[in-house]
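Undergrad: Structure below; questions to follow.
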Amino acid sequence: MINTGKFAGKTVFITGASRGIGKAIALKLGKDGANIAIGAKTVDPHPKLEGTIYTAAKEVEAVGGKCLPVQVDIRDEASVVKAIEETVKKFGGIDILVNNASAISLTGTEDTPMKRYDLMHSVNTRGTFMTSKYAIPHLKKSGNGHILNLSPPLVMHPRWFKSHVAYTMAKYGMSMCVLGMAEELKSSKIAVNALWPRTAIFTAAMEMLGGGKSIANTCRKPDILADAAYFILSKPAKEFTGNFCIDEDVLKDAGITDLEQYSVVPGSKLLSDFFLPDSHLSPEDLQILDASQKIQEEIPQDAGSGRTDNKTGKVFKVIEDMVNEELRKQINALMLFSISGKNYFVDFNASRPFQVSQNEIGKPDVTLITDDETFVKMAKGEVKSTNAFMSGKLKIKGNLQVAMKAEKIFNQLKAKL
């Protein structure tokens, strides 16, 4: 989407904007000459994730925007108040708030530590509410104020709750802010909308959680959300509020039909995001999701009961030979592979000795269920684990974030087989 200059001189406060989607939106609006407040925690370089509030600020200024890098912890009320005050003091007000900061843990109820539960709700729901609360007095003075939350449509289907209810509650809390505040703030001429991607988006965090750069093949770039946000924020506040927008729909309404430009690898099959209504899922997506809802079978307790191809056993022998401290640190979990009914426990937990065993050695963080043929193809790099999951040939129980890290194992295996 071509920049029109519409946001020149407008002040935008963006949470979680030191990298990823938040930074992409900052750069898009910055190209118009907007005043951008980069609100985030990272002031020192992260060992695994690129970007700080200062590096992001330099990028915004390089494209023509003015920028205030402000350290803020949106869990802390005093920190939020100070960040808002600093922004108003620097730029004279606030016209737009983008609530982008978010915490994630794709874990079931028993596997979700309360500390992680509290983090997700403190950042996602409470952080969004609190930042909005303290920005609203300044947005009221704008005359055309906007709040945009990076949160999903409120689709009340069990499939989006079953595997990660704590995370779903936290993200839907952000969306409930949209539902309530949009109506509450209509008379103040403040629009409140939500924006959500139709597909997975490739960011540094996604790379770290999802098994390296190979997952990029199934993703789009953050630019698609930046362009969609630009279009939403361009609309008159009094005419467009209370909407739960999907990036594809927004861009089509804006006349953009070439969505391949946003794919990391044009022409590749894309992975659908969570929380989408059925109308935005393909028949294949629905078939896979519905099938995964029916996975209730118990993992076989008799490790010797299944029959597996000899090639499968060789793969696990290669895993034993190739594992190193770096891989263990990256995965740091107990994984159970159930291959054609036979169990292989692989303990990557960095605090314990590494081992591969066909006997139970503890409660696995995640269980991956497939057949010999699919497993060997994944190990050789002939089939990606994400594609196997999408096609229903790989089923997952437990921590989905850990399951995504299986791609790190397969990436190293294919060079050895």
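By order of appearance in the structure tokens: chains A, B, ..., then residues from 1 within every chain, and ligands from 1 in the order shown.
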Need to verify the contact set: Ala57 of chain A, 10 Å, only C-alpha atoms, exclusion of same-chain residues closer than 4 positions in sequence. Can you return it as a list in words?
TA: Ala17, Ser18, Lys23, Ala26, Leu27, Gly30, Ile36, Ala37, Ile38, Gly51, Thr52, Ile53, Glu61, Ala62, Gly65, Lys66, Cys67, Leu68, Pro69 and Val70 of chain A
Undergrad: Take the residues from that selection and write them out as an mmCIF file, in the first residue's frame, keeping C-alpha atoms.
TA:
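Result file result-v6.cif:
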```cif
data_model
loop_
_atom_site.group_PDB
_atom_site.id
_atom_site.type_symbol
_atom_site.label_atom_id
_atom_site.label_comp_id
_atom_site.auth_asym_id
_atom_site.auth_seq_id
_atom_site.Cartn_x
_atom_site.Cartn_y
_atom_site.Cartn_z
ATOM 1 C CA ALA A 17 7.131 -1.978 18.931
ATOM 2 C CA SER A 18 10.827 -2.780 19.287
ATOM 3 C CA LYS A 23 7.803 -2.167 14.515
ATOM 4 C CA ALA A 26 5.709 2.067 13.322
ATOM 5 C CA LEU A 27 7.755 2.117 10.125
ATOM 6 C CA GLY A 30 6.694 6.805 10.188
ATOM 7 C CA ILE A 36 6.019 7.525 16.889
ATOM 8 C CA ALA A 37 6.389 6.543 20.526
ATOM 9 C CA ILE A 38 8.078 3.118 20.634
ATOM 10 C CA GLY A 51 15.867 -5.144 18.278
ATOM 11 C CA THR A 52 15.588 -2.654 21.123
ATOM 12 C CA ILE A 53 13.512 0.505 21.513
ATOM 13 C CA GLU A 61 13.705 8.182 11.892
ATOM 14 C CA ALA A 62 15.536 6.799 8.858
ATOM 15 C CA GLY A 65 9.341 9.820 11.104
ATOM 16 C CA LYS A 66 10.048 11.401 14.463
ATOM 17 C CA CYS A 67 10.482 8.942 17.280
ATOM 18 C CA LEU A 68 10.527 8.709 21.058
ATOM 19 C CA PRO A 69 11.922 5.424 22.395
ATOM 20 C CA VAL A 70 10.296 4.931 25.778
#
```
Undergrad: Return as a Markdown table the residues of segment 172-281 of chain A lying at most 9 Å from segment 371-392 of chain A, together with the closest atom-to-atom pair for each and the distance in Å to one decimal, counting only C-alpha atoms, with rows in chain order and ascending residue number.
TA:
```
| residue | atom | partner | partner_atom | distance |
| --- | --- | --- | --- | --- |
| A:Ser214 | CA | A:Lys384 | CA | 8.7 |
| A:Ile215 | CA | A:Thr386 | CA | 7.7 |
| A:Thr218 | CA | A:Thr386 | CA | 8.1 |
| A:Lys269 | CA | A:Asn387 | CA | 8.6 |
| A:Leu271 | CA | A:Met390 | CA | 7.7 |
```
Undergrad: Once you have the residues from the selection above, write them out as a PDB file, in the first residue's frame, restricted to all heavy atoms.
TA:
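Ended up saving to result-v6.pdb:
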```pdb
ATOM      1  N   SER A 214      13.051 -22.098   8.661  1.00  0.00           N
ATOM      2  CA  SER A 214      12.291 -22.943   7.745  1.00  0.00           C
ATOM      3  C   SER A 214      10.789 -22.719   7.859  1.00  0.00           C
ATOM      4  O   SER A 214      10.049 -22.902   6.892  1.00  0.00           O
ATOM      5  CB  SER A 214      12.608 -24.418   8.003  1.00  0.00           C
ATOM      6  OG  SER A 214      12.258 -24.778   9.324  1.00  0.00           O
ATOM      7  N   ILE A 215      10.329 -22.294   9.035  1.00  0.00           N
ATOM      8  CA  ILE A 215       8.897 -22.066   9.207  1.00  0.00           C
ATOM      9  C   ILE A 215       8.428 -20.852   8.406  1.00  0.00           C
ATOM     10  O   ILE A 215       7.238 -20.674   8.157  1.00  0.00           O
ATOM     11  CB  ILE A 215       8.539 -21.904  10.697  1.00  0.00           C
ATOM     12  CG1 ILE A 215       7.037 -22.172  10.901  1.00  0.00           C
ATOM     13  CG2 ILE A 215       8.951 -20.531  11.230  1.00  0.00           C
ATOM     14  CD1 ILE A 215       6.636 -22.387  12.321  1.00  0.00           C
ATOM     15  N   THR A 218       5.840 -20.935   5.433  1.00  0.00           N
ATOM     16  CA  THR A 218       4.390 -21.030   5.618  1.00  0.00           C
ATOM     17  C   THR A 218       3.786 -19.715   6.115  1.00  0.00           C
ATOM     18  O   THR A 218       2.617 -19.680   6.479  1.00  0.00           O
ATOM     19  CB  THR A 218       4.054 -22.141   6.637  1.00  0.00           C
ATOM     20  OG1 THR A 218       4.640 -21.815   7.901  1.00  0.00           O
ATOM     21  CG2 THR A 218       4.613 -23.480   6.173  1.00  0.00           C
ATOM     22  N   LYS A 269       2.496 -22.711   0.364  1.00  0.00           N
ATOM     23  CA  LYS A 269       1.259 -22.941   1.086  1.00  0.00           C
ATOM     24  C   LYS A 269       1.356 -22.299   2.461  1.00  0.00           C
ATOM     25  O   LYS A 269       2.311 -22.531   3.199  1.00  0.00           O
ATOM     26  CB  LYS A 269       0.998 -24.448   1.232  1.00  0.00           C
ATOM     27  CG  LYS A 269      -0.345 -24.767   1.860  1.00  0.00           C
ATOM     28  CD  LYS A 269      -0.607 -26.255   1.859  1.00  0.00           C
ATOM     29  CE  LYS A 269      -1.973 -26.562   2.467  1.00  0.00           C
ATOM     30  NZ  LYS A 269      -2.270 -28.014   2.450  1.00  0.00           N
ATOM     31  N   LEU A 271       0.177 -21.176   6.381  1.00  0.00           N
ATOM     32  CA  LEU A 271      -0.404 -21.739   7.587  1.00  0.00           C
ATOM     33  C   LEU A 271      -1.438 -20.765   8.140  1.00  0.00           C
ATOM     34  O   LEU A 271      -1.141 -19.604   8.382  1.00  0.00           O
ATOM     35  CB  LEU A 271       0.698 -21.973   8.622  1.00  0.00           C
ATOM     36  CG  LEU A 271       0.341 -22.709   9.909  1.00  0.00           C
ATOM     37  CD1 LEU A 271      -0.048 -24.152   9.613  1.00  0.00           C
ATOM     38  CD2 LEU A 271       1.528 -22.675  10.869  1.00  0.00           C
TER      39      LEU A 271
END
```
Undergrad: Show which residues sit within 10 Å of segment 253-255 of chain A, as an MDAnalysis selection string. Count only C-alpha atoms, and ignore same-chain residues fewer than 6 positions away.
TA: chainID A and resid 1 227:228 231:232
Undergrad: Nearest residue to Gly16 of chain A out of A:Ile256, A:Ala216, A:Ile74, A:Val80, using only C-alpha atoms?
TA: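 Distance minimum relative to Gly16 of chain A lands on A:Ile74.
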Undergrad: Which of segment 166-346 of chain A end up as strand (DSSP E or B) when DSSP is run on this backbone - answer as an MDAnalysis selection string?
TA: chainID A and resid 190:196 199 201 220 244:246 263 272 334:339 342:346
Undergrad: Of the candidates A:Val12, A:Cys245, A:Ala200, A:Ile21, which one gets nearest to Leu270 of chain A if we count only C-alpha atoms?
TA: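 Smallest separation from Leu270 of chain A among the options: A:Ala200.
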Undergrad: As an NGL selection string, please: all residues of segment 69-301 of chain A that backbone DSSP puts in alpha helix (DSSP H).
TA: :A and (77-91 or 114-120 or 127-142 or 165-184 or 204-210 or 223-233 or 247-253 or 283-293)
Undergrad: May I ask which of the residues A:Ile136, A:Ile25, A:Leu327, A:Leu251 is the closest one to Val81 of chain A, counting only C-alpha atoms?
TA: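 Ranked by minimum distance to Val81 of chain A, first place goes to A:Ile136.
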Undergrad: May I have the residues within 7 Å of Ile201 of chain A as an mmCIF file with C-alpha atoms, in the first residue's frame, using only C-alpha atoms and disregarding those fewer than 3 positions away in the same chain?
TA:
```
data_model
loop_
_atom_site.group_PDB
_atom_site.id
_atom_site.type_symbol
_atom_site.label_atom_id
_atom_site.label_comp_id
_atom_site.auth_asym_id
_atom_site.auth_seq_id
_atom_site.Cartn_x
_atom_site.Cartn_y
_atom_site.Cartn_z
ATOM 1 C CA CYS A 219 4.153 -17.389 6.747
ATOM 2 C CA ARG A 220 3.528 -13.878 5.534
ATOM 3 C CA LYS A 221 5.612 -10.832 6.423
ATOM 4 C CA PRO A 222 4.527 -8.316 9.106
#
```
Undergrad: For atom CA of Met181 of chain A and atom CA of Phe129 of chain A, determine how far apart the two atoms are, in Å to one decimal place.
TA: 9.4 Å
Undergrad: I'd like to know which of A:Gly22, A:Pro152, A:Gly93, A:Gly341 is closest to His138 of chain A, using only C-alpha atoms.
TA: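 That would be A:Gly93, the residue with the smallest distance to His138 of chain A.
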Undergrad: Need to verify the contact set: Thr125 of chain A, 7 Å, only C-alpha atoms, exclusion of same-chain residues closer than 4 positions in sequence. Can you return it as a PyMOL selection string?
TA: chain A and resi 121+129+170-171+173-174
Undergrad: Can those selected residues be exported to a file as a PDB file, in the first residue's frame so that it contains C-alpha atoms?
TA:
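Once everything was written out, this is part.pdb:
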```
ATOM      1  CA  HIS A 121      -3.369 -11.788  31.495  1.00  0.00           C
ATOM      2  CA  PHE A 129      -7.039  -2.013  29.198  1.00  0.00           C
ATOM      3  CA  ALA A 170      -5.967 -13.471  27.497  1.00  0.00           C
ATOM      4  CA  LYS A 171      -6.213 -12.659  23.775  1.00  0.00           C
ATOM      5  CA  GLY A 173      -9.710 -10.134  26.768  1.00  0.00           C
ATOM      6  CA  MET A 174      -8.028  -7.706  24.379  1.00  0.00           C
TER       7      MET A 174
END
```
